file work-v1.cif (mmCIF, C-alpha atoms and all ligand atoms)
data_final
loop_
_atom_site.label_atom_id
_atom_site.label_comp_id
_atom_site.auth_asym_id
_atom_site.auth_seq_id
_atom_site.Cartn_x
_atom_site.Cartn_y
_atom_site.Cartn_z
CA MET A 399 -190.06 -80.07 -192.29
CA ALA A 400 -191.67 -78.49 -195.31
CA THR A 401 -194.42 -75.94 -194.82
CA ASP A 402 -196.90 -74.23 -197.04
CA PHE A 403 -194.32 -71.81 -198.35
CA LYS A 404 -195.47 -69.71 -201.31
CA SER A 405 -192.13 -68.35 -202.40
CA ILE A 406 -188.46 -69.15 -202.02
CA PRO A 407 -186.34 -66.77 -199.94
CA ILE A 408 -183.23 -64.96 -201.20
CA ILE A 409 -180.27 -64.92 -198.83
CA ASP A 410 -177.26 -62.63 -199.18
CA ILE A 411 -174.45 -64.88 -197.94
CA ALA A 412 -171.61 -62.35 -198.33
CA PRO A 413 -171.25 -61.88 -194.53
CA LEU A 414 -170.88 -65.66 -194.07
CA LEU A 415 -168.26 -65.89 -196.82
CA ALA A 416 -166.30 -63.04 -195.25
CA LYS A 417 -165.99 -64.93 -191.93
CA TRP A 418 -166.27 -68.60 -192.87
CA ASP A 419 -162.78 -69.37 -191.56
CA ASP A 420 -162.89 -67.15 -188.49
CA PRO A 421 -162.83 -69.20 -185.25
CA LYS A 422 -165.25 -66.64 -183.79
CA MET A 423 -167.62 -66.70 -186.78
CA ALA A 424 -170.56 -67.84 -184.64
CA GLN A 425 -170.39 -64.57 -182.68
CA ASP A 426 -170.28 -62.32 -185.72
CA PRO A 427 -173.53 -60.34 -186.15
CA GLY A 428 -173.41 -60.57 -189.96
CA VAL A 429 -172.88 -64.33 -189.85
CA CYS A 430 -175.67 -64.69 -187.26
CA GLU A 431 -178.12 -62.95 -189.57
CA VAL A 432 -177.22 -65.27 -192.48
CA VAL A 433 -177.46 -68.31 -190.19
CA LYS A 434 -180.91 -67.22 -189.03
CA GLN A 435 -182.10 -66.97 -192.63
CA LEU A 436 -180.55 -70.32 -193.57
CA ASP A 437 -182.24 -71.92 -190.58
CA GLN A 438 -185.65 -70.64 -191.59
CA ALA A 439 -185.19 -71.54 -195.28
CA CYS A 440 -183.95 -75.07 -194.55
CA ARG A 441 -186.85 -75.77 -192.20
CA GLU A 442 -189.62 -74.16 -194.23
CA ALA A 443 -188.81 -74.85 -197.86
CA GLY A 444 -185.56 -76.80 -198.19
CA PHE A 445 -184.93 -74.33 -201.01
CA PHE A 446 -183.38 -70.86 -201.08
CA TYR A 447 -181.53 -68.53 -203.45
CA VAL A 448 -178.07 -67.31 -202.58
CA LYS A 449 -176.71 -63.99 -203.72
CA GLY A 450 -173.37 -62.42 -202.84
CA HIS A 451 -171.84 -65.85 -203.50
CA GLY A 452 -168.65 -64.52 -205.07
CA ILE A 453 -168.53 -66.72 -208.20
CA PRO A 454 -168.05 -64.34 -211.16
CA GLU A 455 -171.22 -63.93 -213.21
CA THR A 456 -169.15 -64.14 -216.42
CA LEU A 457 -168.06 -67.68 -215.51
CA VAL A 458 -171.56 -68.70 -214.42
CA LYS A 459 -172.86 -67.59 -217.83
CA GLU A 460 -169.99 -69.04 -219.81
CA VAL A 461 -170.63 -72.45 -218.26
CA ARG A 462 -174.23 -72.32 -219.53
CA ASN A 463 -173.19 -70.97 -222.94
CA ILE A 464 -170.67 -73.70 -223.61
CA THR A 465 -173.24 -76.28 -222.48
CA HIS A 466 -175.70 -74.86 -225.04
CA LYS A 467 -172.98 -75.18 -227.69
CA PHE A 468 -172.42 -78.83 -226.86
CA PHE A 469 -176.10 -79.75 -226.99
CA ASP A 470 -176.39 -77.90 -230.33
CA LEU A 471 -173.97 -80.39 -231.91
CA PRO A 472 -175.25 -83.26 -234.08
CA TYR A 473 -176.30 -86.35 -232.17
CA GLU A 474 -173.42 -88.45 -233.58
CA GLU A 475 -170.95 -85.94 -232.19
CA LYS A 476 -172.54 -86.05 -228.75
CA LEU A 477 -172.51 -89.85 -228.79
CA LYS A 478 -168.71 -89.76 -228.81
CA ILE A 479 -168.93 -89.35 -225.05
CA LYS A 480 -171.86 -91.67 -224.48
CA MET A 481 -172.53 -92.60 -220.87
CA THR A 482 -172.21 -96.29 -220.06
CA ALA A 483 -172.13 -98.32 -216.86
CA ALA A 484 -168.55 -99.30 -217.76
CA ALA A 485 -167.59 -95.60 -217.80
CA GLY A 486 -168.85 -95.22 -214.24
CA TYR A 487 -172.08 -93.65 -215.50
CA ARG A 488 -170.11 -90.65 -216.72
CA GLY A 489 -170.91 -88.99 -220.03
CA TYR A 490 -173.73 -88.07 -222.40
CA GLN A 491 -177.27 -89.39 -222.21
CA ARG A 492 -179.89 -88.65 -224.88
CA VAL A 493 -183.37 -87.21 -224.30
CA GLY A 494 -185.54 -89.86 -222.62
CA GLU A 495 -182.67 -91.97 -221.33
CA ASN A 496 -182.98 -90.79 -217.72
CA ILE A 497 -186.09 -92.07 -216.00
CA THR A 498 -187.75 -90.76 -212.88
CA LYS A 499 -190.40 -92.91 -211.17
CA GLY A 500 -190.67 -95.03 -214.32
CA VAL A 501 -191.24 -92.13 -216.72
CA PRO A 502 -188.60 -90.98 -219.25
CA ASP A 503 -187.44 -87.42 -218.66
CA MET A 504 -187.45 -84.92 -221.54
CA HIS A 505 -183.87 -83.89 -221.06
CA GLU A 506 -180.41 -84.74 -222.33
CA ALA A 507 -177.39 -84.40 -220.09
CA ILE A 508 -173.72 -84.89 -219.42
CA ASP A 509 -173.10 -86.43 -215.98
CA CYS A 510 -169.77 -85.93 -214.26
CA TYR A 511 -168.61 -87.16 -210.88
CA LYS A 512 -165.61 -86.63 -208.70
CA GLU A 513 -163.05 -89.15 -209.90
CA LEU A 514 -162.43 -92.06 -207.54
CA LYS A 515 -159.01 -93.65 -207.36
CA GLN A 516 -159.30 -97.28 -208.44
CA GLY A 517 -160.07 -99.55 -205.55
CA MET A 518 -160.28 -96.64 -203.12
CA TYR A 519 -163.66 -97.65 -201.72
CA GLY A 520 -163.58 -101.34 -202.67
CA ALA A 521 -166.86 -102.81 -203.89
CA LEU A 522 -168.74 -99.71 -202.76
CA GLY A 523 -166.81 -97.48 -205.16
CA LYS A 524 -166.57 -99.86 -208.11
CA PRO A 525 -169.76 -98.86 -210.01
CA MET A 526 -168.75 -95.18 -210.03
CA GLU A 527 -165.10 -95.68 -211.01
CA GLY A 528 -164.09 -94.18 -214.33
CA CYS A 529 -162.84 -90.97 -215.90
CA ASN A 530 -165.15 -88.12 -216.75
CA GLN A 531 -165.86 -87.93 -220.46
CA TRP A 532 -165.32 -84.36 -221.57
CA PRO A 533 -166.10 -83.32 -225.14
CA HIS A 534 -163.21 -82.05 -227.28
CA ASN A 535 -165.68 -79.79 -228.99
CA PRO A 536 -166.31 -77.01 -227.98
CA PRO A 537 -162.62 -76.53 -227.10
CA ASN A 538 -161.76 -75.54 -223.56
CA PHE A 539 -164.79 -77.39 -222.17
CA LYS A 540 -162.94 -79.45 -219.57
CA GLU A 541 -160.82 -76.56 -218.28
CA LEU A 542 -163.82 -74.28 -217.89
CA MET A 543 -165.88 -76.92 -216.09
CA GLU A 544 -163.05 -77.90 -213.79
CA SER A 545 -162.55 -74.34 -212.63
CA TYR A 546 -166.28 -74.00 -212.11
CA ILE A 547 -166.41 -77.25 -210.11
CA SER A 548 -163.60 -76.06 -207.90
CA LEU A 549 -165.40 -72.79 -207.11
CA CYS A 550 -168.73 -74.57 -206.50
CA THR A 551 -167.04 -77.02 -204.15
CA ASP A 552 -165.54 -74.21 -202.06
CA LEU A 553 -168.78 -72.25 -202.04
CA SER A 554 -170.82 -75.27 -200.97
CA ARG A 555 -168.41 -76.07 -198.16
CA LYS A 556 -168.81 -72.53 -196.84
CA ILE A 557 -172.61 -72.59 -197.07
CA MET A 558 -172.55 -75.91 -195.21
CA ARG A 559 -170.69 -74.18 -192.37
CA GLY A 560 -173.58 -71.75 -192.10
CA ILE A 561 -176.09 -74.61 -192.16
CA ALA A 562 -174.08 -76.41 -189.46
CA LEU A 563 -174.49 -73.37 -187.20
CA ALA A 564 -178.15 -73.10 -188.13
CA LEU A 565 -178.68 -76.65 -186.89
CA GLY A 566 -177.01 -75.80 -183.58
CA GLY A 567 -173.81 -77.65 -184.39
CA LEU A 568 -170.18 -76.61 -184.73
CA PRO A 569 -169.12 -74.91 -187.99
CA ASP A 570 -167.09 -77.99 -189.02
CA GLU A 571 -169.89 -80.49 -188.42
CA PHE A 572 -169.92 -81.46 -192.12
CA GLU A 573 -166.19 -81.82 -192.49
CA GLY A 574 -163.88 -84.66 -191.38
CA GLU A 575 -165.46 -88.11 -191.72
CA ARG A 576 -168.75 -86.67 -192.94
CA GLY A 577 -167.69 -84.25 -195.65
CA GLY A 578 -163.99 -83.45 -195.38
CA ASP A 579 -163.42 -85.23 -198.68
CA ALA A 580 -166.81 -84.33 -200.13
CA PHE A 581 -167.96 -86.19 -203.19
CA TRP A 582 -169.58 -84.11 -205.92
CA VAL A 583 -171.79 -84.62 -208.94
CA MET A 584 -172.34 -82.22 -211.80
CA ARG A 585 -175.12 -82.55 -214.35
CA LEU A 586 -175.13 -80.38 -217.46
CA ILE A 587 -178.75 -80.60 -218.52
CA GLY A 588 -180.61 -79.52 -221.67
CA TYR A 589 -184.40 -79.36 -221.86
CA PRO A 590 -185.86 -79.04 -225.35
CA GLY A 591 -188.52 -76.36 -225.81
CA VAL A 592 -192.13 -77.44 -226.18
CA SER A 593 -192.29 -77.62 -229.98
CA THR A 594 -189.23 -79.78 -230.45
CA ALA A 595 -189.93 -81.94 -227.42
CA ASN A 596 -193.23 -83.38 -228.59
CA GLY A 597 -193.05 -82.69 -232.31
CA LYS A 598 -196.12 -80.47 -232.30
CA CYS A 599 -196.58 -76.83 -231.51
CA THR A 600 -199.04 -77.34 -228.69
CA PRO A 601 -198.31 -76.09 -225.20
CA GLU A 602 -198.29 -79.55 -223.66
CA ASN A 603 -196.50 -80.02 -220.40
CA ASP A 604 -193.61 -82.30 -221.18
CA ILE A 605 -191.91 -83.27 -217.98
CA GLY A 606 -188.28 -82.22 -218.31
CA CYS A 607 -187.44 -83.97 -215.06
CA GLY A 608 -190.02 -85.75 -212.94
CA ALA A 609 -190.57 -85.07 -209.24
CA HIS A 610 -187.54 -86.17 -207.24
CA THR A 611 -185.35 -85.24 -204.32
CA ASP A 612 -181.60 -84.71 -204.62
CA TYR A 613 -179.32 -87.26 -203.03
CA GLY A 614 -176.60 -85.52 -201.08
CA LEU A 615 -176.14 -82.43 -198.94
CA LEU A 616 -176.62 -79.27 -200.98
CA THR A 617 -177.37 -78.50 -204.65
CA LEU A 618 -176.37 -75.33 -206.51
CA VAL A 619 -178.56 -74.71 -209.56
CA ASN A 620 -177.28 -72.44 -212.35
CA GLN A 621 -180.22 -72.00 -214.72
CA ASP A 622 -180.81 -70.12 -217.95
CA GLU A 623 -182.31 -66.66 -217.64
CA ASP A 624 -185.80 -65.82 -218.90
CA ILE A 625 -187.34 -69.32 -218.60
CA THR A 626 -189.24 -70.41 -215.51
CA ALA A 627 -189.24 -74.21 -215.40
CA LEU A 628 -188.10 -75.43 -211.99
CA GLN A 629 -190.95 -76.09 -209.56
CA VAL A 630 -190.83 -76.97 -205.87
CA ARG A 631 -193.61 -78.79 -204.00
CA ASN A 632 -194.90 -77.36 -200.76
CA LEU A 633 -196.66 -79.22 -197.96
CA SER A 634 -200.12 -78.98 -199.47
CA GLY A 635 -198.85 -80.23 -202.81
CA GLU A 636 -198.80 -76.94 -204.71
CA TRP A 637 -195.95 -76.45 -207.15
CA ILE A 638 -194.10 -73.21 -206.40
CA SER A 639 -191.93 -71.85 -209.21
CA ALA A 640 -188.26 -71.07 -208.72
CA PRO A 641 -187.72 -68.56 -211.55
CA PRO A 642 -184.18 -67.59 -212.55
CA ILE A 643 -182.84 -64.58 -210.66
CA PRO A 644 -179.64 -63.22 -212.24
CA GLY A 645 -176.65 -63.24 -209.92
CA THR A 646 -178.03 -66.05 -207.76
CA PHE A 647 -177.94 -69.82 -207.45
CA VAL A 648 -180.97 -71.78 -206.41
CA CYS A 649 -179.88 -74.00 -203.50
CA ASN A 650 -181.66 -77.02 -202.15
CA ILE A 651 -181.21 -79.65 -199.48
CA GLY A 652 -180.50 -83.28 -200.37
CA ASP A 653 -181.44 -86.61 -198.75
CA MET A 654 -178.22 -86.92 -196.73
CA LEU A 655 -178.73 -83.55 -195.04
CA LYS A 656 -182.30 -84.53 -194.24
CA ILE A 657 -180.95 -87.56 -192.37
CA LEU A 658 -178.13 -85.65 -190.65
CA SER A 659 -180.59 -83.00 -189.47
CA ASN A 660 -183.06 -85.68 -188.29
CA GLY A 661 -185.64 -84.13 -190.59
CA LEU A 662 -185.19 -80.55 -189.42
CA CYS A 663 -184.09 -79.84 -193.00
CA GLU A 664 -186.26 -81.16 -195.77
CA SER A 665 -185.05 -82.62 -199.08
CA THR A 666 -187.97 -81.10 -200.93
CA LEU A 667 -189.55 -82.65 -204.00
CA HIS A 668 -189.03 -80.68 -207.18
CA ARG A 669 -189.50 -81.13 -210.93
CA VAL A 670 -188.77 -79.32 -214.17
CA ILE A 671 -191.24 -78.43 -216.90
CA ASN A 672 -189.96 -76.37 -219.80
CA ASN A 673 -193.16 -74.98 -221.26
CA SER A 674 -191.32 -72.35 -223.27
CA LEU A 675 -190.45 -72.60 -226.96
CA THR A 676 -186.80 -72.15 -226.13
CA TYR A 677 -184.20 -74.78 -225.30
CA ARG A 678 -183.25 -74.47 -221.62
CA VAL A 679 -179.92 -75.27 -220.01
CA CYS A 680 -179.32 -75.91 -216.33
CA VAL A 681 -176.02 -76.75 -214.70
CA ALA A 682 -176.66 -78.48 -211.40
CA PHE A 683 -173.79 -78.98 -208.97
CA PHE A 684 -174.41 -81.46 -206.17
CA TYR A 685 -172.26 -81.22 -203.05
CA GLU A 686 -172.32 -84.55 -201.28
CA PRO A 687 -170.86 -86.22 -198.17
CA ASN A 688 -167.64 -88.28 -198.36
CA TYR A 689 -168.35 -91.19 -200.70
CA ASP A 690 -168.08 -93.74 -197.89
CA ALA A 691 -169.66 -91.58 -195.18
CA ALA A 692 -172.03 -93.39 -192.81
CA VAL A 693 -174.67 -90.75 -192.38
CA GLU A 694 -176.92 -90.61 -189.32
CA PRO A 695 -178.79 -87.93 -187.38
CA LEU A 696 -176.55 -85.50 -185.47
CA GLU A 697 -177.08 -85.65 -181.71
CA VAL A 698 -177.85 -81.95 -181.57
CA CYS A 699 -180.55 -82.35 -184.21
CA VAL A 700 -182.13 -85.33 -182.46
CA ARG A 701 -182.32 -83.26 -179.28
CA ARG A 702 -183.75 -80.26 -181.11
CA SER A 703 -186.40 -82.32 -182.84
CA GLY A 704 -187.89 -83.93 -179.76
CA GLY A 705 -185.40 -86.67 -178.89
CA THR A 706 -186.43 -89.39 -181.34
CA ARG A 707 -184.09 -90.57 -184.09
CA ARG A 708 -186.18 -90.53 -187.22
CA PHE A 709 -183.70 -92.13 -189.64
CA GLU A 710 -181.45 -95.14 -189.75
CA LYS A 711 -177.82 -94.91 -190.76
CA ALA A 712 -177.26 -94.68 -194.52
CA VAL A 713 -174.04 -94.97 -196.48
CA TYR A 714 -173.94 -92.17 -199.04
CA GLY A 715 -172.19 -94.22 -201.76
CA GLU A 716 -174.85 -96.94 -201.46
CA HIS A 717 -177.62 -94.38 -201.82
CA LEU A 718 -175.97 -92.89 -204.91
CA VAL A 719 -175.31 -96.24 -206.56
CA SER A 720 -178.87 -97.44 -205.95
CA LYS A 721 -180.16 -94.29 -207.67
CA VAL A 722 -177.72 -94.32 -210.56
CA GLN A 723 -178.30 -98.00 -211.30
CA THR A 724 -182.05 -97.44 -211.68
CA ASN A 725 -181.97 -94.01 -213.36
CA PHE A 726 -181.31 -95.08 -216.93
CA VAL A 727 -182.66 -97.13 -219.80
CA MET A 728 -179.40 -98.27 -221.35
N1 LIG B 801 -177.79 -86.44 -208.83
C1 LIG B 801 -179.03 -85.99 -208.83
N2 LIG B 801 -179.57 -85.46 -207.77
N3 LIG B 801 -179.71 -86.09 -209.95
C2 LIG B 801 -181.07 -85.68 -210.02
C3 LIG B 801 -181.73 -86.38 -211.11
C4 LIG B 801 -183.12 -86.67 -210.71
C5 LIG B 801 -183.76 -87.60 -211.66
C6 LIG B 801 -183.44 -89.05 -211.44
N4 LIG B 801 -183.96 -89.81 -212.53
C7 LIG B 801 -184.07 -89.58 -210.13
O1 LIG B 801 -185.13 -90.20 -210.22
O2 LIG B 801 -183.51 -89.40 -209.08
O1 LIG B 802 -183.20 -77.99 -214.19
C1 LIG B 802 -183.32 -77.60 -213.03
O2 LIG B 802 -183.62 -76.45 -212.77
C2 LIG B 802 -183.09 -78.54 -211.85
C3 LIG B 802 -182.60 -79.91 -212.21
C4 LIG B 802 -182.66 -80.85 -211.06
O3 LIG B 802 -183.48 -80.75 -210.19
C5 LIG B 802 -181.68 -81.97 -210.94
O4 LIG B 802 -180.96 -82.24 -211.91
O5 LIG B 802 -181.59 -82.58 -209.89
FE FE B 803 -182.97 -82.02 -208.48
#
call {"tool": "encode", "arguments": {"input": "work-v1.cif", "output": "structure tokens"}}
result
Amino acid sequence: MATDFKSIPIIDIAPLLAKWDDPKMAQDPGVCEVVKQLDQACREAGFFYVKGHGIPETLVKEVRNITHKFFDLPYEEKLKIKMTAAAGYRGYQRVGENITKGVPDMHEAIDCYKELKQGMYGALGKPMEGCNQWPHNPPNFKELMESYISLCTDLSRKIMRGIALALGGLPDEFEGERGGDAFWVMRLIGYPGVSTANGKCTPENDIGCGAHTDYGLLTLVNQDEDITALQVRNLSGEWISAPPIPGTFVCNIGDMLKILSNGLCESTLHRVINNSLTYRVCVAFFYEPNYDAAVEPLEVCVRRSGGTRRFEKAVYGEHLVSKVQTNFVM
């Protein structure tokens, strides 16, 4: 449950990563300390920074740089990988094409999703079937992103083991039927600076991405340095900034983890406003349950939150498809 947090905690997860595969991890003092911090962050803010995450800073930066290079290309070039429903909603969307609560967002993006084998999930999987559309220019784009996705997937799985312990569960609570074949989403997002976004040089607040919650389990945000644009809403409705901190990812809880935790973890509302004059890039990696996972509150979480089940069962793929099908003006 969200509180009136005023800042977002930073957690050094190195001790968790050192022991993530150790059968006795729950007894390790270093792991216990990380778990304690995750527990507090998930309950109070639904947002935290991780440091000591082990993904090389050079790669983290390169992923943003190459994304800048793509968005710098002429519009016609970017349209070569235009997102369509027929392409499983994969590809490039122009500024204003994504809508949040009925309002066009001032961002452009490339959306990528884990590729689903044709027919694998029947009618449930159909809307998301398709191949990711990677640009040929800049060269090396696909290879770089695929290695990044692989590292983000592993990192997220390990953080989820810490969160599982924080909730009082077993380390592998989010594996198997729930997340053993985790779906993922990656959005490469570009937010024009103020002057280019509204055509005038006034410091008007263009909404880069309207207030929303994320859909799955855990999000890893890799944002440009030097621009503060991501804001997180606390219980009394204040917007708390999540400024970039080099060497960290901003992490936040998604809707599916809120259900699994019976509301012990919050999927906190957040939005993006790029008030700077500079173009801002963010690479958001979303770690999700299995595509066909039927998600419902864990017994241990129901017990810990007073015994009442607060959420009905939800199928992750249905939740995703309902969002994706209403997110775009196409
Ligand atoms: N896959 C995720 N989480 N994407 C986040 C995008 C949020 C904006 C979207 N228009 C919405 O209203 O949800
Ligand atoms: O740009 C950001 O910092 C966050 C973007 C975001 O919240 C999202 O894509 O879900
Ligand atoms: Fe988000």
call {"tool": "residues_around", "arguments": {"input": "work-v1.cif", "residues": "Tyr546 (chain A)", "least_positions_apart": "3", "cutoff": "9 Å", "atoms": "only C-alpha atoms", "output": "PyMOL selection string"}}
result
chain A and resi 453+457-458+461+541-543+549-551
call {"tool": "closest_residue", "arguments": {"input": "work-v1.cif", "among": "A:Lys480, A:His717, A:Arg702, A:Arg631", "to": "ligand FE 803 (chain B)", "atoms": "all atoms listed in the file"}}
result
A:Arg631
call {"tool": "closest_residue", "arguments": {"input": "work-v1.cif", "among": "A:Arg678, A:Lys711, A:Arg701, A:Arg669", "to": "ligand LIG 801 (chain B)", "atoms": "all atoms listed in the file"}}
result
A:Arg669
call {"tool": "atom_distance", "arguments": {"input": "work-v1.cif", "atom1": "CA of Gln491 (chain A)", "atom2": "CA of Arg585 (chain A)"}}
result
10.6 Å
call {"tool": "atom_distance", "arguments": {"input": "work-v1.cif", "atom1": "atom C5 of ligand LIG 801 (chain B)", "atom2": "CA of Glu571 (chain A)"}}
result
28.0 Å
call {"tool": "residues_near_ligand", "arguments": {"input": "work-v1.cif", "ligand": "ligand LIG 801 (chain B)", "cutoff": "10 Å", "atoms": "all atoms listed in the file", "output": "MDAnalysis selection string"}}
result
chainID A and resid 495:503 509:511 582:585 587 606:617 652:653 668:670 682:686 718 720:722 724:726
call {"tool": "atom_distance", "arguments": {"input": "work-v1.cif", "atom1": "CA of Cys663 (chain A)", "atom2": "CA of Ile561 (chain A)"}}
result
9.6 Å
call {"tool": "closest_residue", "arguments": {"input": "work-v1.cif", "among": "A:Thr666, A:Asn530, A:Asn538, A:Thr482", "to": "ligand LIG 802 (chain B)", "atoms": "all atoms listed in the file"}}
result
A:Thr666
call {"tool": "residues_around", "arguments": {"input": "work-v1.cif", "residues": "Leu662 (chain A)", "least_positions_apart": "3", "cutoff": "7 Å", "atoms": "all atoms listed in the file", "output": "ChimeraX atom specification"}}
result
/A:399,441,656,659,703
call {"tool": "closest_residue", "arguments": {"input": "work-v1.cif", "among": "A:Leu658, A:Met518, A:Leu568, A:Val679", "to": "ligand LIG 802 (chain B)", "atoms": "only C-alpha atoms and all ligand atoms"}}
result
A:Val679
call {"tool": "decode", "arguments": {"input": "work-v1.cif", "residues": "region 612-663 of chain A", "atoms": "C-alpha atoms", "output": "short mmCIF file (atom, residue, chain, number, x, y, z; two decimals), in the first residue's frame"}}
result
data_model
loop_
_atom_site.label_atom_id
_atom_site.label_comp_id
_atom_site.auth_asym_id
_atom_site.auth_seq_id
_atom_site.Cartn_x
_atom_site.Cartn_y
_atom_site.Cartn_z
CA ASP A 612 2.76 -0.77 -15.40
CA TYR A 613 1.14 -4.06 -16.27
CA GLY A 614 3.32 -6.92 -15.14
CA LEU A 615 5.66 -7.79 -12.28
CA LEU A 616 8.70 -5.52 -12.27
CA THR A 617 9.97 -2.67 -14.48
CA LEU A 618 13.62 -1.68 -14.96
CA VAL A 619 13.98 1.93 -16.13
CA ASN A 620 17.20 3.01 -17.86
CA GLN A 621 16.91 6.78 -18.25
CA ASP A 622 19.10 9.51 -19.70
CA GLU A 623 21.36 11.32 -17.26
CA ASP A 624 20.90 14.99 -16.37
CA ILE A 625 17.14 15.23 -17.02
CA THR A 626 14.58 14.74 -14.26
CA ALA A 627 11.27 13.80 -15.87
CA LEU A 628 9.84 10.68 -14.23
CA GLN A 629 7.42 11.41 -11.38
CA VAL A 630 5.78 9.02 -8.94
CA ARG A 631 2.53 9.74 -7.08
CA ASN A 632 2.40 9.25 -3.34
CA LEU A 633 -0.69 8.63 -1.22
CA SER A 634 -1.59 12.28 -0.79
CA GLY A 635 -1.28 12.88 -4.52
CA GLU A 636 2.07 14.67 -4.57
CA TRP A 637 4.34 13.91 -7.50
CA ILE A 638 7.76 12.77 -6.26
CA SER A 639 10.58 12.96 -8.80
CA ALA A 640 12.72 9.96 -9.66
CA PRO A 641 15.84 11.70 -10.99
CA PRO A 642 18.47 9.70 -12.87
CA ILE A 643 21.18 8.26 -10.63
CA PRO A 644 24.14 6.94 -12.66
CA GLY A 645 24.82 3.26 -12.13
CA THR A 646 21.25 2.47 -11.10
CA PHE A 647 17.94 1.35 -12.57
CA VAL A 648 14.67 2.71 -11.31
CA CYS A 649 12.49 -0.31 -10.49
CA ASN A 650 8.76 -0.36 -10.01
CA ILE A 651 6.01 -2.83 -9.28
CA GLY A 652 3.40 -3.72 -11.90
CA ASP A 653 -0.30 -4.66 -11.71
CA MET A 654 0.32 -8.43 -11.65
CA LEU A 655 2.58 -8.20 -8.61
CA LYS A 656 -0.01 -6.06 -6.87
CA ILE A 657 -2.53 -8.89 -7.34
CA LEU A 658 -0.08 -11.65 -6.36
CA SER A 659 0.85 -9.76 -3.19
CA ASN A 660 -2.84 -9.10 -2.39
CA GLY A 661 -2.03 -5.39 -2.39
CA LEU A 662 0.97 -5.59 -0.07
CA CYS A 663 2.96 -4.27 -3.04
#
